[in-house]
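Source file: final.pdb; contents: PDB, C-alpha atoms, pLDDT in the B column.
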ATOM      1  CA  MET N   1       0.000   0.000   0.000  1.00 85.00           C
ATOM      2  CA  ILE N   2       1.260   3.474  -0.870  1.00 87.00           C
ATOM      3  CA  ASP N   3       1.068   6.096   1.862  1.00 93.00           C
ATOM      4  CA  GLN N   4      -0.725   8.876  -0.029  1.00 92.00           C
ATOM      5  CA  ARG N   5       0.219  11.390   2.649  1.00 94.00           C
ATOM      6  CA  LEU N   6       4.000  10.817   2.643  1.00 96.00           C
ATOM      7  CA  ALA N   7       4.683   9.407  -0.838  1.00 94.00           C
ATOM      8  CA  PRO N   8       4.943  12.869  -2.461  1.00 95.00           C
ATOM      9  CA  TYR N   9       7.801  13.732  -0.090  1.00 96.00           C
ATOM     10  CA  GLY N  10       9.619  10.486  -0.851  1.00 96.00           C
ATOM     11  CA  LEU N  11       9.307  11.246  -4.561  1.00 96.00           C
ATOM     12  CA  PHE N  12      10.523  14.790  -3.879  1.00 96.00           C
ATOM     13  CA  LEU N  13      13.689  13.400  -2.246  1.00 97.00           C
ATOM     14  CA  LEU N  14      14.213  11.006  -5.137  1.00 97.00           C
ATOM     15  CA  ARG N  15      13.711  13.802  -7.678  1.00 97.00           C
ATOM     16  CA  ILE N  16      16.088  16.295  -6.061  1.00 97.00           C
ATOM     17  CA  THR N  17      18.726  13.601  -5.616  1.00 97.00           C
ATOM     18  CA  LEU N  18      18.496  12.658  -9.301  1.00 97.00           C
ATOM     19  CA  GLY N  19      18.629  16.319 -10.355  1.00 97.00           C
ATOM     20  CA  ALA N  20      21.604  17.030  -8.093  1.00 97.00           C
ATOM     21  CA  MET N  21      23.424  14.024  -9.566  1.00 96.00           C
ATOM     22  CA  TRP N  22      22.981  15.361 -13.096  1.00 96.00           C
ATOM     23  CA  VAL N  23      24.126  18.851 -12.112  1.00 97.00           C
ATOM     24  CA  SER N  24      27.189  17.479 -10.303  1.00 96.00           C
ATOM     25  CA  HIS N  25      28.111  15.312 -13.298  1.00 93.00           C
ATOM     26  CA  ALA N  26      27.909  18.345 -15.595  1.00 97.00           C
ATOM     27  CA  LEU N  27      29.973  20.501 -13.266  1.00 97.00           C
ATOM     28  CA  ILE N  28      32.726  17.927 -12.731  1.00 96.00           C
ATOM     29  CA  LYS N  29      33.103  17.566 -16.499  1.00 96.00           C
ATOM     30  CA  TYR N  30      33.273  21.345 -16.944  1.00 98.00           C
ATOM     31  CA  VAL N  31      35.301  22.391 -13.884  1.00 97.00           C
ATOM     32  CA  VAL N  32      37.556  19.406 -13.152  1.00 97.00           C
ATOM     33  CA  PHE N  33      37.976  17.494 -16.409  1.00 96.00           C
ATOM     34  CA  THR N  34      37.397  20.592 -18.614  1.00 98.00           C
ATOM     35  CA  VAL N  35      35.588  20.539 -21.938  1.00 98.00           C
ATOM     36  CA  PRO N  36      38.754  19.619 -23.917  1.00 98.00           C
ATOM     37  CA  GLY N  37      39.597  16.911 -21.375  1.00 98.00           C
ATOM     38  CA  PHE N  38      36.120  15.404 -21.591  1.00 97.00           C
ATOM     39  CA  ALA N  39      36.230  15.649 -25.400  1.00 98.00           C
ATOM     40  CA  GLY N  40      39.491  13.698 -25.344  1.00 98.00           C
ATOM     41  CA  TYR N  41      37.922  11.073 -23.095  1.00 95.00           C
ATOM     42  CA  LEU N  42      34.978  10.698 -25.461  1.00 95.00           C
ATOM     43  CA  THR N  43      37.369  10.339 -28.397  1.00 97.00           C
ATOM     44  CA  ASN N  44      39.350   7.655 -26.524  1.00 95.00           C
ATOM     45  CA  MET N  45      36.077   5.791 -25.951  1.00 90.00           C
ATOM     46  CA  GLY N  46      35.314   5.844 -29.688  1.00 92.00           C
ATOM     47  CA  MET N  47      32.725   8.618 -29.501  1.00 93.00           C
ATOM     48  CA  PRO N  48      32.841  11.999 -31.237  1.00 96.00           C
ATOM     49  CA  GLY N  49      34.688  14.565 -29.133  1.00 97.00           C
ATOM     50  CA  PHE N  50      32.416  17.366 -30.355  1.00 97.00           C
ATOM     51  CA  LEU N  51      29.677  15.907 -28.146  1.00 96.00           C
ATOM     52  CA  ALA N  52      31.462  17.065 -24.979  1.00 97.00           C
ATOM     53  CA  LEU N  53      29.864  20.498 -24.672  1.00 97.00           C
ATOM     54  CA  PRO N  54      26.359  19.334 -25.691  1.00 97.00           C
ATOM     55  CA  VAL N  55      26.515  16.480 -23.153  1.00 97.00           C
ATOM     56  CA  ILE N  56      27.600  18.878 -20.401  1.00 98.00           C
ATOM     57  CA  GLY N  57      24.805  21.287 -21.376  1.00 98.00           C
ATOM     58  CA  VAL N  58      22.160  18.565 -21.437  1.00 97.00           C
ATOM     59  CA  GLU N  59      23.285  17.239 -18.055  1.00 97.00           C
ATOM     60  CA  LEU N  60      23.273  20.724 -16.503  1.00 98.00           C
ATOM     61  CA  VAL N  61      19.946  21.931 -17.920  1.00 98.00           C
ATOM     62  CA  GLY N  62      18.240  18.561 -17.479  1.00 98.00           C
ATOM     63  CA  GLY N  63      19.522  18.304 -13.920  1.00 97.00           C
ATOM     64  CA  LEU N  64      18.253  21.780 -13.040  1.00 98.00           C
ATOM     65  CA  LEU N  65      14.829  21.025 -14.545  1.00 97.00           C
ATOM     66  CA  ILE N  66      14.560  17.767 -12.606  1.00 97.00           C
ATOM     67  CA  LEU N  67      15.864  19.398  -9.426  1.00 96.00           C
ATOM     68  CA  THR N  68      13.271  22.170  -9.550  1.00 95.00           C
ATOM     69  CA  GLY N  69      10.481  19.890 -10.737  1.00 95.00           C
ATOM     70  CA  ILE N  70       9.839  21.511 -14.084  1.00 94.00           C
ATOM     71  CA  TYR N  71       8.383  18.735 -16.237  1.00 93.00           C
ATOM     72  CA  ALA N  72      10.677  16.329 -14.399  1.00 95.00           C
ATOM     73  CA  ARG N  73       8.844  13.254 -15.699  1.00 94.00           C
ATOM     74  CA  GLN N  74       9.524  14.039 -19.329  1.00 94.00           C
ATOM     75  CA  VAL N  75      13.029  15.378 -18.664  1.00 96.00           C
ATOM     76  CA  ALA N  76      13.950  12.192 -16.767  1.00 96.00           C
ATOM     77  CA  VAL N  77      12.964  10.151 -19.831  1.00 96.00           C
ATOM     78  CA  LEU N  78      14.977  12.435 -22.122  1.00 96.00           C
ATOM     79  CA  MET N  79      18.064  12.010 -19.910  1.00 97.00           C
ATOM     80  CA  ILE N  80      18.069   8.215 -20.198  1.00 97.00           C
ATOM     81  CA  PRO N  81      19.970   8.130 -23.539  1.00 96.00           C
ATOM     82  CA  VAL N  82      22.812  10.148 -21.971  1.00 95.00           C
ATOM     83  CA  MET N  83      23.113   7.594 -19.186  1.00 95.00           C
ATOM     84  CA  LEU N  84      22.827   4.740 -21.695  1.00 96.00           C
ATOM     85  CA  GLY N  85      25.924   6.256 -23.333  1.00 93.00           C
ATOM     86  CA  ALA N  86      27.727   6.162 -19.970  1.00 91.00           C
ATOM     87  CA  LEU N  87      26.501   2.609 -19.426  1.00 93.00           C
ATOM     88  CA  SER N  88      27.907   1.541 -22.806  1.00 92.00           C
ATOM     89  CA  VAL N  89      31.330   2.901 -21.825  1.00 90.00           C
ATOM     90  CA  HIS N  90      31.387   1.110 -18.460  1.00 90.00           C
ATOM     91  CA  ILE N  91      29.606  -2.159 -19.310  1.00 91.00           C
ATOM     92  CA  GLY N  92      32.869  -4.035 -19.967  1.00 90.00           C
ATOM     93  CA  ASN N  93      34.431  -2.976 -16.662  1.00 91.00           C
ATOM     94  CA  GLY N  94      32.372  -5.231 -14.436  1.00 88.00           C
ATOM     95  CA  PHE N  95      29.551  -4.453 -12.060  1.00 88.00           C
ATOM     96  CA  LEU N  96      31.074  -2.194  -9.379  1.00 87.00           C
ATOM     97  CA  PHE N  97      31.690   1.439 -10.286  1.00 81.00           C
ATOM     98  CA  SER N  98      34.613   1.515  -7.824  1.00 82.00           C
ATOM     99  CA  GLY N  99      36.530  -0.982  -9.984  1.00 82.00           C
ATOM    100  CA  PRO N 100      39.125  -0.009 -12.593  1.00 83.00           C
ATOM    101  CA  GLY N 101      37.482   2.076 -15.306  1.00 84.00           C
ATOM    102  CA  GLY N 102      34.216   2.193 -13.349  1.00 86.00           C
ATOM    103  CA  GLY N 103      31.546  -0.487 -13.542  1.00 87.00           C
ATOM    104  CA  TRP N 104      28.035  -0.354 -14.845  1.00 91.00           C
ATOM    105  CA  GLU N 105      25.907  -0.510 -11.667  1.00 92.00           C
ATOM    106  CA  TYR N 106      25.780   3.273 -11.084  1.00 90.00           C
ATOM    107  CA  PRO N 107      24.684   4.213 -14.637  1.00 93.00           C
ATOM    108  CA  ALA N 108      22.135   1.367 -14.548  1.00 95.00           C
ATOM    109  CA  PHE N 109      20.822   2.570 -11.186  1.00 94.00           C
ATOM    110  CA  LEU N 110      20.423   6.113 -12.494  1.00 94.00           C
ATOM    111  CA  ILE N 111      18.520   4.845 -15.524  1.00 96.00           C
ATOM    112  CA  ILE N 112      16.160   2.991 -13.192  1.00 97.00           C
ATOM    113  CA  VAL N 113      15.718   6.071 -10.967  1.00 97.00           C
ATOM    114  CA  SER N 114      14.904   8.115 -14.085  1.00 96.00           C
ATOM    115  CA  VAL N 115      12.259   5.546 -15.055  1.00 97.00           C
ATOM    116  CA  VAL N 116      10.807   5.663 -11.519  1.00 96.00           C
ATOM    117  CA  VAL N 117      10.541   9.483 -11.639  1.00 95.00           C
ATOM    118  CA  ALA N 118       8.924   9.236 -15.086  1.00 93.00           C
ATOM    119  CA  LEU N 119       6.379   6.662 -13.883  1.00 93.00           C
ATOM    120  CA  THR N 120       5.533   8.128 -10.490  1.00 92.00           C
ATOM    121  CA  GLY N 121       5.802  11.886 -10.967  1.00 90.00           C
ATOM    122  CA  GLU N 122       7.631  14.847  -9.519  1.00 92.00           C
ATOM    123  CA  GLY N 123       6.417  14.498  -5.956  1.00 92.00           C
ATOM    124  CA  ALA N 124       5.989  17.439  -3.603  1.00 93.00           C
ATOM    125  CA  LEU N 125       7.222  20.982  -4.210  1.00 90.00           C
ATOM    126  CA  ALA N 126       7.502  20.729  -7.994  1.00 92.00           C
ATOM    127  CA  VAL N 127       7.503  24.037  -9.858  1.00 91.00           C
ATOM    128  CA  ARG N 128       5.620  22.682 -12.879  1.00 86.00           C
ATOM    129  CA  SER N 129       4.218  19.165 -12.726  1.00 78.00           C
ATOM    130  CA  ALA N 130       3.674  17.290 -15.931  1.00 66.00           C
ATOM    131  CA  PRO N 131       0.608  15.217 -16.722  1.00 68.00           C
ATOM    132  CA  ALA N 132       0.969  11.489 -16.295  1.00 63.00           C
ATOM    133  CA  LEU N 133       2.647   9.613 -19.115  1.00 55.00           C
ATOM    134  CA  ARG N 134      -0.078   8.003 -21.185  1.00 60.00           C
ATOM    135  CA  SER N 135      -0.175   4.577 -22.687  1.00 55.00           C
ATOM    136  CA  PRO N 136      -3.106   2.943 -24.449  1.00 52.00           C
ATOM    137  CA  GLY N 137      -2.560  -0.134 -22.286  1.00 53.00           C
ATOM    138  CA  PHE N 138      -3.334   1.652 -19.009  1.00 48.00           C
ATOM    139  CA  VAL N 139      -6.834   2.282 -17.777  1.00 46.00           C
ATOM    140  CA  ARG N 140      -7.443   5.627 -16.085  1.00 46.00           C
TER
END

This structure in structure tokens:
Amino acid sequence: MIDQRLAPYGLFLLRITLGAMWVSHALIKYVVFTVPGFAGYLTNMGMPGFLALPVIGVELVGGLLILTGIYARQVAVLMIPVMLGALSVHIGNGFLFSGPGGGWEYPAFLIIVSVVVALTGEGALAVRSAPALRSPGFVR
């Protein structure tokens, strides 16, 4: 049974944690690794280096939208391909992200959290809630 009184606050905590993660990932790429450093990393991983700045921008803007609760459901879905890219880089390094080269459990977890936010909603204190995702298979 879902506690209708407290569930919105649990979803709020989940949403702000997910948003903060995206913002921190953008900032570490920009401030610590730098755009040229991240572009070099992407190139070494077989991806186009020119994607560095767009990825940082998407992570920063998407993270801020999720954090504030502005259409967080839809934004969470749109962020999944970015994390699938990270997952593809780390999939061969084993499960644990603390291992050499980083494993795949953290990107997979963040994909799942994004799906949970998309399915359940923004929770409490959202600036602009989005309507529920619709599917012809669900009865309203």

*Identify all residues satisfying the PyMOL selection byres ((chain N and resi 74-76) around 8) in the given file; provide them as a PyMOL selection string.*
chain N and resi 62+65-66+71-73+77-80+114-115+117-118+130

*asked:* Please enumerate the residues selected by the PyMOL selection byres ((chain N and resi 2-16) around 10) when evaluated against the supplied file, formatted as a PyMOL selection string.
replied: chain N and resi 1+17-22+63-69+72-73+76+113-114+116-118+120-126

*What separation in Å, quoted to one decimal, exists between atom CA of N:Pro107 and atom CA of N:Ala86?*
6.4 Å

_What does the structure give for the distance between atom CA of N:Ala52 and atom CA of N:Ala39, in Å to one decimal?_
5.0 Å

Give me the result of the PyMOL selection byres ((chain N and resi 84) around 12) on this file, residue by residue, as a compact mmCIF listing (two decimals) with C-alpha atoms, in the frame of the given file.
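This is the output file selection_33.txt:
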# COMPACT_ATOMS: atom_id res chain seq x y z
CA VAL N 77 12.96 10.15 -19.83
CA LEU N 78 14.98 12.44 -22.12
CA MET N 79 18.06 12.01 -19.91
CA ILE N 80 18.07 8.22 -20.20
CA PRO N 81 19.97 8.13 -23.54
CA VAL N 82 22.81 10.15 -21.97
CA MET N 83 23.11 7.59 -19.19
CA GLY N 85 25.92 6.26 -23.33
CA ALA N 86 27.73 6.16 -19.97
CA LEU N 87 26.50 2.61 -19.43
CA SER N 88 27.91 1.54 -22.81
CA VAL N 89 31.33 2.90 -21.82
CA HIS N 90 31.39 1.11 -18.46
CA ILE N 91 29.61 -2.16 -19.31
CA TRP N 104 28.04 -0.35 -14.84
CA GLU N 105 25.91 -0.51 -11.67
CA TYR N 106 25.78 3.27 -11.08
CA PRO N 107 24.68 4.21 -14.64
CA ALA N 108 22.14 1.37 -14.55
CA PHE N 109 20.82 2.57 -11.19
CA LEU N 110 20.42 6.11 -12.49
CA ILE N 111 18.52 4.84 -15.52
CA ILE N 112 16.16 2.99 -13.19
CA SER N 114 14.90 8.12 -14.08

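One finds atom CA of N:Ala26 at 15.8 Å from atom CA of N:Gly40.
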